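Engineer: My structure file model.txt, compact mmCIF, C-alpha atoms, is below:
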# COMPACT_ATOMS: atom_id res chain seq x y z
CA MET A 1 -92.18 -31.50 28.17
CA SER A 2 -93.70 -31.77 24.67
CA SER A 3 -93.84 -27.99 24.19
CA ILE A 4 -90.29 -27.57 25.48
CA LYS A 5 -89.11 -30.39 23.24
CA ALA A 6 -90.74 -28.77 20.20
CA SER A 7 -89.18 -25.42 21.07
CA LEU A 8 -85.73 -26.97 21.52
CA GLU A 9 -85.97 -28.95 18.28
CA LYS A 10 -86.93 -25.79 16.42
CA LYS A 11 -83.89 -24.11 17.92
CA LEU A 12 -81.70 -26.97 16.66
CA HIS A 13 -83.13 -26.53 13.15
CA ASP A 14 -82.35 -22.82 13.37
CA PHE A 15 -78.79 -23.60 14.43
CA ASN A 16 -78.36 -25.99 11.53
CA ASN A 17 -79.51 -23.34 9.06
CA ASP A 18 -77.47 -20.53 10.60
CA LEU A 19 -74.30 -22.62 10.82
CA THR A 20 -74.70 -23.66 7.21
CA CYS A 21 -74.99 -20.02 6.13
CA ASN A 22 -72.21 -18.70 8.38
CA LEU A 23 -69.34 -21.14 8.03
CA ASP A 24 -67.23 -18.24 6.78
CA LYS A 25 -67.25 -16.94 10.36
CA CYS A 26 -65.42 -20.09 11.45
CA THR A 27 -61.80 -19.28 10.60
CA GLU A 28 -60.16 -21.80 12.96
CA ILE A 29 -60.23 -25.58 12.55
CA GLY A 30 -59.96 -26.72 16.19
CA LEU A 31 -62.30 -28.90 18.22
CA LEU A 32 -63.40 -26.33 20.79
CA SER A 33 -62.67 -23.17 18.81
CA GLY A 34 -63.41 -24.03 15.20
CA LYS A 35 -64.62 -26.27 12.40
CA MET A 36 -64.11 -29.61 14.16
CA GLY A 37 -66.66 -28.58 16.77
CA VAL A 38 -69.12 -27.41 14.12
CA ALA A 39 -68.66 -30.76 12.37
CA LEU A 40 -69.55 -32.56 15.61
CA PHE A 41 -72.79 -30.57 15.78
CA PHE A 42 -73.73 -31.55 12.22
CA TYR A 43 -73.01 -35.24 12.92
CA TYR A 44 -75.01 -35.36 16.17
CA TYR A 45 -77.82 -33.32 14.60
CA SER A 46 -78.03 -35.82 11.74
CA MET A 47 -78.17 -38.70 14.24
CA TYR A 48 -80.85 -37.09 16.42
CA PHE A 49 -83.19 -36.13 13.57
CA LYS A 50 -82.13 -38.99 11.29
CA GLU A 51 -81.46 -36.37 8.61
CA TYR A 52 -78.40 -38.06 7.22
CA THR A 53 -77.83 -35.52 4.45
CA VAL A 54 -76.71 -33.11 7.19
CA LYS A 55 -73.91 -35.55 7.95
CA ASN A 56 -72.41 -34.54 4.61
CA LYS A 57 -71.83 -31.04 5.98
CA GLY A 58 -69.73 -32.55 8.74
CA SER A 59 -67.84 -34.70 6.25
CA PHE A 60 -67.11 -31.64 4.14
CA LEU A 61 -65.67 -29.82 7.16
CA LEU A 62 -63.49 -32.85 7.97
CA GLU A 63 -62.07 -32.70 4.46
CA GLU A 64 -61.28 -29.00 4.90
CA ILE A 65 -59.62 -29.70 8.25
CA CYS A 66 -57.46 -32.50 6.84
CA GLU A 67 -56.46 -30.32 3.89
CA CYS A 68 -55.41 -27.56 6.28
CA ILE A 69 -53.26 -30.00 8.29
CA ASN A 70 -51.73 -31.45 5.12
CA THR A 71 -50.68 -27.96 4.03
CA GLY A 72 -48.78 -27.13 7.20
CA PHE A 73 -51.12 -26.49 10.13
CA ASN A 74 -49.28 -27.78 13.21
CA ILE A 75 -50.79 -26.28 16.39
CA PRO A 76 -50.80 -29.18 18.89
CA THR A 77 -53.30 -27.98 21.52
CA PHE A 78 -56.56 -29.64 22.49
CA CYS A 79 -58.67 -26.49 22.17
CA SER A 80 -57.50 -25.22 18.80
CA GLY A 81 -55.14 -27.82 17.37
CA ILE A 82 -54.37 -31.34 16.28
CA SER A 83 -54.85 -33.07 19.67
CA GLY A 84 -58.46 -31.94 19.83
CA ILE A 85 -59.10 -32.63 16.16
CA GLY A 86 -57.74 -36.17 16.55
CA TRP A 87 -59.84 -36.71 19.66
CA GLY A 88 -62.93 -35.51 17.78
CA MET A 89 -62.33 -37.97 14.95
CA ASP A 90 -61.98 -40.82 17.44
CA ILE A 91 -65.24 -39.84 19.14
CA LEU A 92 -67.10 -39.79 15.82
CA ASN A 93 -65.90 -43.38 15.35
CA GLU A 94 -66.89 -44.37 18.89
CA GLU A 95 -70.40 -43.00 18.40
CA GLY A 96 -70.78 -44.82 15.07
CA LEU A 97 -71.18 -41.52 13.25
CA GLU A 98 -68.16 -41.92 10.98
CA ASP A 99 -65.62 -44.54 9.95
CA ILE A 100 -62.26 -42.78 9.90
CA ASP A 101 -59.08 -44.85 9.85
CA THR A 102 -57.51 -42.87 12.68
CA ASN A 103 -54.93 -45.57 13.36
CA TYR A 104 -53.54 -44.91 9.89
CA LEU A 105 -53.85 -41.12 10.23
CA PHE A 106 -51.94 -41.07 13.52
CA SER A 107 -49.36 -43.76 12.71
CA ASP A 108 -46.74 -41.24 11.60
CA MET A 109 -47.00 -38.69 14.40
CA LYS A 110 -44.50 -39.93 16.98
CA GLN A 111 -42.01 -37.14 16.47
CA TYR A 112 -44.73 -34.51 16.33
CA VAL A 113 -46.26 -35.66 19.63
CA SER A 114 -42.85 -35.88 21.31
CA ASP A 115 -41.85 -32.41 20.12
CA SER A 116 -45.19 -30.93 21.20
CA LEU A 117 -44.96 -32.39 24.70
CA ASN A 118 -41.35 -31.30 25.09
CA PHE A 119 -42.28 -27.77 24.03
CA PHE A 120 -44.96 -27.59 26.73
CA PHE A 121 -42.77 -29.35 29.31
CA LYS A 122 -40.05 -26.73 28.88
CA LYS A 123 -42.58 -23.98 29.44
CA ASN A 124 -44.13 -25.92 32.34
CA LYS A 125 -47.49 -25.31 30.62
CA TYR A 126 -49.90 -27.97 31.84
CA ASP A 127 -53.05 -26.02 30.79
CA PHE A 128 -55.77 -28.44 29.56
CA LEU A 129 -56.94 -26.23 26.71
CA HIS A 130 -53.53 -24.97 25.61
CA GLY A 131 -50.82 -27.18 27.16
CA TYR A 132 -49.61 -30.72 27.75
CA LEU A 133 -52.67 -32.01 29.64
CA GLY A 134 -54.73 -31.65 26.47
CA VAL A 135 -52.18 -33.65 24.46
CA GLY A 136 -52.15 -36.26 27.23
CA PHE A 137 -55.95 -36.44 27.20
CA PHE A 138 -55.89 -37.17 23.46
CA LEU A 139 -53.26 -39.90 23.95
CA LEU A 140 -55.22 -41.47 26.81
CA ASN A 141 -58.26 -41.82 24.56
CA ARG A 142 -56.09 -43.32 21.82
CA LEU A 143 -55.44 -46.30 24.11
CA ASN A 144 -59.06 -47.34 23.57
CA TYR A 145 -58.22 -48.34 20.01
CA PRO A 146 -56.65 -51.53 18.66
CA ASN A 147 -53.35 -49.89 17.80
CA SER A 148 -50.26 -51.78 16.82
CA SER A 149 -48.21 -52.81 19.86
CA ASP A 150 -45.61 -50.27 18.77
CA MET A 151 -48.03 -47.33 18.80
CA GLN A 152 -49.66 -48.52 22.01
CA SER A 153 -46.26 -48.63 23.71
CA PHE A 154 -45.56 -45.13 22.39
CA TYR A 155 -48.81 -43.72 23.81
CA ILE A 156 -48.10 -45.31 27.19
CA LYS A 157 -44.54 -43.97 27.23
CA LYS A 158 -45.70 -40.43 26.46
CA LEU A 159 -48.42 -40.59 29.10
CA GLU A 160 -45.82 -41.76 31.60
CA GLU A 161 -43.83 -38.63 30.73
CA VAL A 162 -46.91 -36.47 31.39
CA ILE A 163 -47.43 -38.18 34.76
CA ALA A 164 -43.75 -37.75 35.61
CA LYS A 165 -43.94 -34.04 34.75
CA LEU A 166 -46.93 -33.57 37.01
CA ASN A 167 -45.09 -35.36 39.81
CA THR A 168 -41.89 -33.34 39.47
CA THR A 169 -43.63 -29.96 39.21
CA ALA A 170 -46.10 -30.51 42.06
CA VAL A 171 -45.49 -28.58 45.26
CA ILE A 172 -45.88 -31.19 48.01
CA LEU A 173 -46.91 -30.15 51.52
CA GLU A 174 -47.12 -33.29 53.67
CA ASN A 175 -50.32 -34.93 52.41
CA GLN A 176 -51.29 -32.19 49.91
CA ALA A 177 -50.15 -31.13 46.43
CA TYR A 178 -50.69 -28.15 44.17
CA TRP A 179 -49.24 -26.65 40.99
CA VAL A 180 -48.15 -23.07 40.39
CA ILE A 181 -48.63 -21.30 37.07
CA SER A 182 -45.25 -20.89 35.35
CA LYS A 183 -43.40 -17.67 36.18
CA GLU A 184 -43.14 -16.98 32.46
CA GLU A 185 -46.90 -16.44 32.34
CA LYS A 186 -47.50 -14.71 35.68
CA GLU A 187 -45.49 -12.23 37.71
CA GLU A 188 -46.98 -13.50 40.99
CA SER A 189 -47.01 -17.09 42.27
CA GLU A 190 -50.51 -18.18 41.27
CA ILE A 191 -52.43 -21.40 41.70
CA ASN A 192 -55.14 -21.53 39.03
CA LEU A 193 -58.08 -23.58 40.33
CA SER A 194 -60.14 -23.84 37.14
CA LEU A 195 -61.26 -26.75 34.99
CA SER A 196 -60.26 -24.98 31.78
CA HIS A 197 -56.70 -24.08 32.72
CA GLY A 198 -55.94 -25.10 36.30
CA MET A 199 -55.88 -27.59 39.15
CA ALA A 200 -59.37 -28.96 38.59
CA SER A 201 -58.27 -30.17 35.15
CA ILE A 202 -55.21 -31.89 36.67
CA ILE A 203 -57.42 -33.75 39.16
CA ASN A 204 -59.88 -34.59 36.38
CA PHE A 205 -57.10 -35.88 34.11
CA LEU A 206 -55.46 -37.93 36.88
CA SER A 207 -58.85 -39.48 37.69
CA ARG A 208 -59.16 -40.70 34.12
CA VAL A 209 -55.56 -41.94 34.09
CA ASN A 210 -56.24 -43.87 37.30
CA SER A 211 -59.32 -45.48 35.74
CA SER A 212 -57.28 -46.74 32.79
CA PRO A 213 -56.15 -50.38 33.09
CA TYR A 214 -52.73 -49.32 31.83
CA PHE A 215 -52.10 -46.99 34.80
CA LYS A 216 -54.32 -48.32 37.60
CA GLY A 217 -52.89 -47.27 40.95
CA GLN A 218 -49.92 -45.34 39.54
CA VAL A 219 -51.30 -41.87 40.26
CA VAL A 220 -53.45 -42.51 43.35
CA THR A 221 -51.04 -40.86 45.78
CA LEU A 222 -50.70 -37.68 43.72
CA LEU A 223 -54.44 -37.58 43.01
CA ASN A 224 -55.29 -37.91 46.70
CA LYS A 225 -52.88 -35.14 47.64
CA ALA A 226 -54.28 -32.78 45.00
CA CYS A 227 -57.84 -33.42 46.19
CA ARG A 228 -56.84 -32.84 49.83
CA PHE A 229 -55.37 -29.47 48.88
CA LEU A 230 -58.57 -28.32 47.20
CA ILE A 231 -60.67 -29.47 50.15
CA SER A 232 -58.33 -27.65 52.55
CA ILE A 233 -58.79 -24.26 50.88
CA LYS A 234 -62.59 -24.49 50.63
CA HIS A 235 -64.42 -21.58 52.24
CA ILE A 236 -67.90 -21.67 53.73
CA PRO A 237 -69.90 -19.49 51.35
CA LYS A 238 -72.88 -17.24 51.81
CA SER A 239 -76.05 -18.49 50.14
CA GLU A 240 -75.24 -17.20 46.66
CA ASP A 241 -71.45 -17.20 46.85
CA SER A 242 -68.98 -19.88 45.83
CA TYR A 243 -66.76 -22.20 47.85
CA TYR A 244 -63.78 -21.30 45.64
CA GLY A 245 -62.36 -18.32 43.81
CA ASN A 246 -60.75 -18.51 40.38
CA HIS A 247 -57.21 -18.68 41.71
CA ILE A 248 -54.96 -18.23 44.73
CA PHE A 249 -51.99 -15.90 44.99
CA LEU A 250 -49.56 -17.43 47.46
CA ASP A 251 -48.42 -14.08 48.84
CA LYS A 252 -51.99 -12.89 49.59
CA PHE A 253 -54.37 -15.71 50.33
CA GLU A 254 -57.88 -14.24 50.20
CA LYS A 255 -61.38 -15.43 49.49
CA LYS A 256 -63.04 -14.21 46.32
CA ASN A 257 -66.30 -15.25 44.71
CA SER A 258 -66.27 -17.03 41.34
CA ARG A 259 -68.84 -17.28 38.59
CA LEU A 260 -71.11 -20.30 38.00
CA ALA A 261 -69.67 -21.77 34.82
CA TRP A 262 -67.85 -24.65 33.19
CA CYS A 263 -64.58 -22.76 32.83
CA TYR A 264 -64.00 -21.31 36.30
CA GLY A 265 -65.50 -21.84 39.73
CA ASP A 266 -67.22 -24.48 41.82
CA LEU A 267 -68.87 -26.44 39.02
CA GLY A 268 -65.59 -27.45 37.37
CA ILE A 269 -63.96 -28.15 40.73
CA GLY A 270 -66.98 -30.09 41.98
CA ILE A 271 -67.29 -32.34 38.95
CA SER A 272 -63.54 -33.01 38.97
CA LEU A 273 -63.67 -34.05 42.63
CA TRP A 274 -66.73 -36.16 41.74
CA HIS A 275 -64.76 -38.00 39.04
CA ALA A 276 -61.83 -38.42 41.45
CA ALA A 277 -64.06 -39.87 44.18
CA ILE A 278 -65.46 -42.44 41.76
CA SER A 279 -62.03 -43.29 40.37
CA ILE A 280 -60.46 -43.95 43.80
CA ASN A 281 -63.70 -45.13 45.45
CA ASP A 282 -63.55 -42.53 48.22
CA LYS A 283 -66.94 -42.05 49.89
CA ASN A 284 -65.86 -39.02 51.93
CA LEU A 285 -64.51 -37.27 48.86
CA PHE A 286 -67.74 -38.10 47.05
CA LYS A 287 -69.71 -36.37 49.83
CA GLU A 288 -67.47 -33.30 49.52
CA ALA A 289 -67.99 -33.18 45.76
CA MET A 290 -71.76 -33.54 46.10
CA LEU A 291 -71.85 -30.81 48.75
CA ILE A 292 -70.16 -28.39 46.36
CA LEU A 293 -72.34 -29.41 43.42
CA LYS A 294 -75.61 -29.26 45.36
CA HIS A 295 -74.73 -25.80 46.64
CA SER A 296 -74.00 -24.74 43.06
CA ALA A 297 -77.39 -26.11 41.98
CA ASN A 298 -79.10 -23.57 44.22
CA ARG A 299 -77.19 -20.52 42.99
CA ARG A 300 -79.52 -18.51 40.76
CA ASP A 301 -78.73 -14.81 41.35
CA THR A 302 -77.07 -13.42 38.21
CA SER A 303 -75.14 -10.84 40.25
CA SER A 304 -73.30 -13.79 41.82
CA THR A 305 -73.34 -16.36 39.02
CA LEU A 306 -72.34 -13.74 36.40
CA VAL A 307 -74.16 -15.69 33.68
CA LYS A 308 -74.83 -13.31 30.78
CA ASP A 309 -74.90 -15.45 27.62
CA GLY A 310 -75.83 -18.94 26.53
CA GLY A 311 -72.50 -20.55 25.62
CA LEU A 312 -70.91 -23.61 27.16
CA CYS A 313 -67.77 -21.91 28.46
CA HIS A 314 -69.26 -19.37 30.85
CA GLY A 315 -72.93 -19.27 29.88
CA ALA A 316 -76.27 -20.77 30.80
CA PHE A 317 -76.20 -23.84 28.56
CA GLY A 318 -72.83 -24.90 29.95
CA VAL A 319 -74.31 -24.79 33.45
CA MET A 320 -77.47 -26.54 32.26
CA HIS A 321 -75.52 -29.34 30.63
CA ILE A 322 -73.43 -30.10 33.71
CA PHE A 323 -76.52 -30.31 35.91
CA ASP A 324 -78.38 -32.36 33.29
CA PHE A 325 -75.44 -34.77 33.17
CA LEU A 326 -75.31 -35.00 36.98
CA TYR A 327 -79.06 -35.59 37.29
CA LYS A 328 -78.96 -38.42 34.78
CA LYS A 329 -76.01 -39.96 36.66
CA THR A 330 -77.25 -39.51 40.23
CA GLY A 331 -81.02 -38.97 40.15
CA VAL A 332 -80.63 -36.04 42.58
CA LYS A 333 -83.66 -33.77 42.21
CA ASP A 334 -81.65 -30.59 42.92
CA PHE A 335 -79.69 -31.22 39.73
CA LYS A 336 -82.86 -31.73 37.70
CA ASN A 337 -84.35 -28.48 38.99
CA ALA A 338 -81.12 -26.63 38.26
CA SER A 339 -80.85 -28.02 34.73
CA GLU A 340 -84.43 -26.95 33.95
CA PHE A 341 -83.86 -23.46 35.40
CA TRP A 342 -80.68 -22.91 33.38
CA LEU A 343 -82.28 -24.36 30.24
CA LEU A 344 -85.00 -21.72 30.35
CA THR A 345 -82.46 -19.05 31.29
CA GLY A 346 -80.31 -20.12 28.36
CA LEU A 347 -83.19 -19.81 25.93
CA GLU A 348 -83.87 -16.31 27.26
CA THR A 349 -80.30 -15.27 26.35
CA GLY A 350 -81.09 -15.77 22.66
CA TYR A 351 -82.61 -12.33 22.22
CA HIS A 352 -80.01 -10.58 20.04
CA GLU A 353 -81.31 -9.37 16.68
CA ASN A 354 -77.79 -9.48 15.25
CA GLY A 355 -76.98 -12.90 16.70
CA LEU A 356 -77.09 -16.37 15.17
CA SER A 357 -80.56 -17.72 16.01
CA GLY A 358 -80.61 -14.86 18.51
CA PHE A 359 -77.38 -15.81 20.31
CA LEU A 360 -74.23 -13.79 20.83
CA SER A 361 -71.26 -14.65 23.02
CA TRP A 362 -70.25 -12.27 25.81
CA ASN A 363 -66.49 -11.97 26.15
CA PRO A 364 -65.57 -11.02 29.73
CA ASP A 365 -61.87 -10.71 28.82
CA GLU A 366 -62.55 -7.91 26.36
CA ASN A 367 -64.59 -5.57 28.57
CA GLY A 368 -67.84 -7.29 27.82
CA ILE A 369 -67.78 -7.35 24.02
CA TRP A 370 -70.64 -9.29 22.38
CA LYS A 371 -69.57 -11.46 19.43
CA VAL A 372 -71.03 -13.85 16.89
CA GLU A 373 -69.53 -17.29 17.60
CA VAL A 374 -70.16 -20.66 15.98
CA ASP A 375 -67.79 -22.95 17.91
CA ILE A 376 -68.28 -25.35 20.83
CA LEU A 377 -66.85 -23.22 23.64
CA ASP A 378 -68.68 -19.96 23.00
CA GLY A 379 -70.97 -20.48 20.05
CA ILE A 380 -74.16 -22.14 18.88
CA SER A 381 -72.49 -25.46 18.03
CA GLY A 382 -71.88 -26.00 21.73
CA ILE A 383 -75.35 -24.83 22.70
CA GLY A 384 -76.78 -27.20 20.10
CA LEU A 385 -74.81 -30.17 21.42
CA ALA A 386 -76.01 -29.44 24.97
CA ILE A 387 -79.62 -29.34 23.74
CA ILE A 388 -79.21 -32.62 21.84
CA SER A 389 -77.82 -34.28 24.99
CA TYR A 390 -80.74 -32.91 27.01
CA LEU A 391 -83.23 -34.43 24.56
CA PHE A 392 -81.43 -37.67 23.68
CA PRO A 393 -82.40 -40.82 25.63
CA LYS A 394 -78.85 -42.13 26.07
CA GLU A 395 -75.58 -40.57 27.19
CA LEU A 396 -73.52 -39.04 24.39
CA LYS A 397 -69.74 -38.89 24.40
CA TRP A 398 -69.01 -35.46 22.95
CA ASN A 399 -68.98 -33.82 26.41
CA LYS A 400 -65.80 -35.65 27.39
CA CYS A 401 -64.01 -32.92 25.45
CA LEU A 402 -65.00 -30.61 28.33
CA LEU A 403 -63.99 -33.20 30.97
CA ILE A 404 -67.65 -33.59 31.97
CA GLY A 405 -68.61 -37.10 30.87
Please go through the file and, once you have read it, give me the structure as C-alpha cells.
Structural biologist:
Amino acid sequence: MSSIKASLEKKLHDFNNDLTCNLDKCTEIGLLSGKMGVALFFYYYSMYFKEYTVKNKGSFLLEEICECINTGFNIPTFCSGISGIGWGMDILNEEGLEDIDTNYLFSDMKQYVSDSLNFFFKKNKYDFLHGYLGVGFFLLNRLNYPNSSDMQSFYIKKLEEVIAKLNTTAVILENQAYWVISKEEKEESEINLSLSHGMASIINFLSRVNSSPYFKGQVVTLLNKACRFLISIKHIPKSEDSYYGNHIFLDKFEKKNSRLAWCYGDLGIGISLWHAAISINDKNLFKEAMLILKHSANRRDTSSTLVKDGGLCHGAFGVMHIFDFLYKKTGVKDFKNASEFWLLTGLETGYHENGLSGFLSWNPDENGIWKVEVDILDGISGIGLAIISYLFPKELKWNKCLLIG
C-alpha cells in the first residue's frame, strides 16, 4: 500500500501543478464541467496535504465564478450552472473547507429558481445534469441549512412542485412506473435508464427525498413503482455483459449491452437501487441491488466495459470510486478487488504525452476524439478527487454531486 500511496500522492501533486498552469483551458464555471469543480479539487487537495496555500487557488476561482454570475451568467443547471455552483459552495461549508454565507447569497433567488423550474417543467426535461432534477437536488441540500422560515418554506414548496411533476409525468402500469424522454428531444418513445440523464437518477433523487424529514413517506409509492419497473426489465447477462442497456425504445424492446461507467449502465442503476433499498428499508430490493453491483464488480473485459480513459464519467477512476465507496460502506471483498483493479487500470490510462499529467479524455459522442479536460466529469480534477477519497481515512462529501454518496 505504501508504494501505491506514494505513487497516487505524486499524481495528485502533478494534477495540482498542471491545473494551476492550465486554468485557461477551463472556460466554463460549472460544478461538473468547469471552474467550480477545479476549485473543489484545490480545496480537498489542501485539506489532504495540509498545504493551505493551495486553498487560495480555490478561493480565487470562487471569486471569478461569483464575478461571472454578477455580470449576467444565468444557466440554472446542476452540471454547468448555478444549481451546481450553489451546491458546491454549500459542500465546502459542510466539509469545513470554506465559510461562505450561502444563506445571504441565495436569499434573493426565489424568482430565478421558480422561472428555471418552470422552464424545465414546460419542456418536461427532468435530466439530472441538465434539467429540473438537478435544481431539485440543490434545493434538497439547501434544507440542511438554518435558513429563515420564509426561505425554508420556499425550498419545500419548490421541491413539492418537482415531486408533483414526477408524479404527473410518470407512466403508471399497475405497480410499476417509468418516464419517457420528451418528444421534443427524441423522435421515438424512449426510456433513458441512466444515472446521468435517466430513470436511475429519478430513483436516486426520490430516495434522498424520502430520507428527508420534510418529505418522509410522501414519495414511497412512486419510488417503489419505479424500482419495480427497473427490476422487471432486467435481463440475465452473460459473464461480461450487463443486466441493462442504456435505454429502451417502447416500439422495439430489445436487450443491448451497456458500458461499465458512472454515466450509463449497471453501476448507476445498481447504486440507485441500493440507495432506494436503504431509504425504504427493503431487504429484497437491497439483494437485487447487490446482485447487480457484485456482477459489475467482476466485469473486467474492456471489449464489454468499453473503458478507454481515466475520467469519472465513463472512465476507470469513475468505476474505481464507486467500488471504493461500496467497499467502505459494505465491507464486501468483491468491491475491494474491483476498486483496486480499476485503480491500476486508471493509472495505466495516463500514458498520453500531450495530456495533463498523462491524461486525456475520450469522447465517445464525437467519434472517439481525445481531449484535454480539467473538470470533474471528464478531467483530472475528478480523477484527483477520486484518488483523494481512496486515500482519505473518512468519507468525503464531494461525491454526492454524482449521486454516489
Engineer: Pick out the residues sitting within 10 Å of stretch 108-117 of chain A, and hand them over as a PyMOL selection string; count only C-alpha atoms, and ignore anything fewer than 4 positions along from it in its own chain.
Structural biologist: chain A and resi 74-77+82-83+103-104+121-123+125-126+131-136+139+151+154-155+158-159+161-162
Engineer: For A:Phe78, which residue among A:Ile322, A:Leu32, A:Ala39, A:Leu97 is the nearest when counting all atoms listed in the file?
Structural biologist: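 Ranked by minimum distance to A:Phe78, first place goes to A:Leu32.
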Engineer: In Å, how far is it from atom CA of A:Leu173 to atom CA of A:Ala276?
Structural biologist: 19.8 Å
Engineer: Of the candidates A:Gly58, A:Gly315, A:Gly379, A:Gly96, which shows the shortest atom-to-atom distance to A:Phe42, using all atoms listed in the file?
Structural biologist: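 Smallest distance to A:Phe42 is found for A:Gly58.
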Engineer: Quick check, in Å to one decimal: how far apart do atom CA of A:Lys57 and atom CA of A:Asp99 lie?
Structural biologist: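 A separation of 15.4 Å between them.
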Engineer: Edge lengths and centre in Å to one decimal, as AutoDock Vina command-line options, of the axis-aligned box that encloses all listed atoms of stretch 310-315 of chain A with 3 Å added on every side?
Structural biologist:
--center_x -71.8 --center_y -21.3 --center_z 28.2 --size_x 14.1 --size_y 10.7 --size_z 11.2
Engineer: Taking only C-alpha atoms into account, name the residue in A:Lys328, A:Tyr214, A:Asn144, A:Ile380 that is nearest to A:Thr20.
Structural biologist: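 Ranked by minimum distance to A:Thr20, first place goes to A:Ile380.
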Engineer: Mind giving me the straight-line distance from atom CA of A:Cys263 to atom CA of A:Lys308 in Å, one decimal?
Structural biologist: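 Result for atom CA of A:Cys263 versus atom CA of A:Lys308: 14.1 Å, one decimal.
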Engineer: Please identify all polymer residues within 7 Å of stretch 342-357 of chain A, counting all atoms listed in the file, omitting same-chain residues fewer than 6 positions from it, and present them as a PyMOL selection string.
Structural biologist: chain A and resi 14-15+18+309-310+316-317+319-320+372
Engineer: Okay, now the selection with C-alpha atoms, as a PDB file, keeping the file's coordinate frame?
Structural biologist:
ATOM      1  CA  ASP A  14     -82.350 -22.820  13.370  1.00  0.00           C
ATOM      2  CA  PHE A  15     -78.790 -23.600  14.430  1.00  0.00           C
ATOM      3  CA  ASP A  18     -77.470 -20.530  10.600  1.00  0.00           C
ATOM      4  CA  ASP A 309     -74.900 -15.450  27.620  1.00  0.00           C
ATOM      5  CA  GLY A 310     -75.830 -18.940  26.530  1.00  0.00           C
ATOM      6  CA  ALA A 316     -76.270 -20.770  30.800  1.00  0.00           C
ATOM      7  CA  PHE A 317     -76.200 -23.840  28.560  1.00  0.00           C
ATOM      8  CA  VAL A 319     -74.310 -24.790  33.450  1.00  0.00           C
ATOM      9  CA  MET A 320     -77.470 -26.540  32.260  1.00  0.00           C
ATOM     10  CA  VAL A 372     -71.030 -13.850  16.890  1.00  0.00           C
TER      11      VAL A 372
END
Engineer: I want to know what sits within 9 Å of A:Ala200, based on only C-alpha atoms, with residues of the same chain fewer than 2 positions away left out; could you give that as a list in words?
Structural biologist: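 Counting only the stated atoms, we get Asn192, Leu193, Ser194, Leu195, Ser196, His197, Gly198, Ile202, Ile203, Asn204, Phe205, Cys227, Leu230, Gly268, Ile269, Gly270, Ile271, Ser272 and Leu273 of chain A.
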Engineer: Using all atoms listed in the file, can you tell me which of A:Thr330, A:Ser153, A:Asn224, A:Ser211 comes closest to A:Glu174?
Structural biologist: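 When distances to A:Glu174 are compared using all atoms listed in the file, the smallest one comes from A:Asn224.
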Engineer: Write out as a list in words which residues come within 7 Å of A:Glu190 when counting only C-alpha atoms, dropping same-chain ones fewer than 4 positions away.
Structural biologist: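 With the cut-off at 7 Å, the set is Val180, Ile181, His247, Ile248, Phe249 and Leu250 of chain A.
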Engineer: Between A:Ile280, A:Ile156, A:Asn298, A:Gln218, which is the closest to A:Lys238 once you count only C-alpha atoms?
Structural biologist: A:Asn298
Engineer: Please determine, counting only C-alpha atoms, which residue among A:Leu19, A:Gln152, A:Asp324, A:Ser201 has the shortest atom-to-atom distance to A:Ala226.
Structural biologist: A:Ser201
Engineer: Got a sec to check which residues sit within 12 Å of (-59.1, -48.0, 36.3), counting all atoms listed in the file, and write them as a list in words?
Structural biologist: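 Looking at atoms near the point gives Leu206, Ser207, Arg208, Val209, Asn210, Ser211, Ser212, Pro213, Tyr214, Phe215, Lys216, Gly217, Gln218, Val219, Val220, His275, Ala276, Ile278, Ser279, Ile280 and Asn281 of chain A.
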Engineer: What's around A:Leu267 at 7 Å? Count all atoms listed in the file, leave out sequence neighbours fewer than 4 positions away in its own chain, and write the answer as a PyMOL selection string.
Structural biologist: chain A and resi 260-262+271+293+296
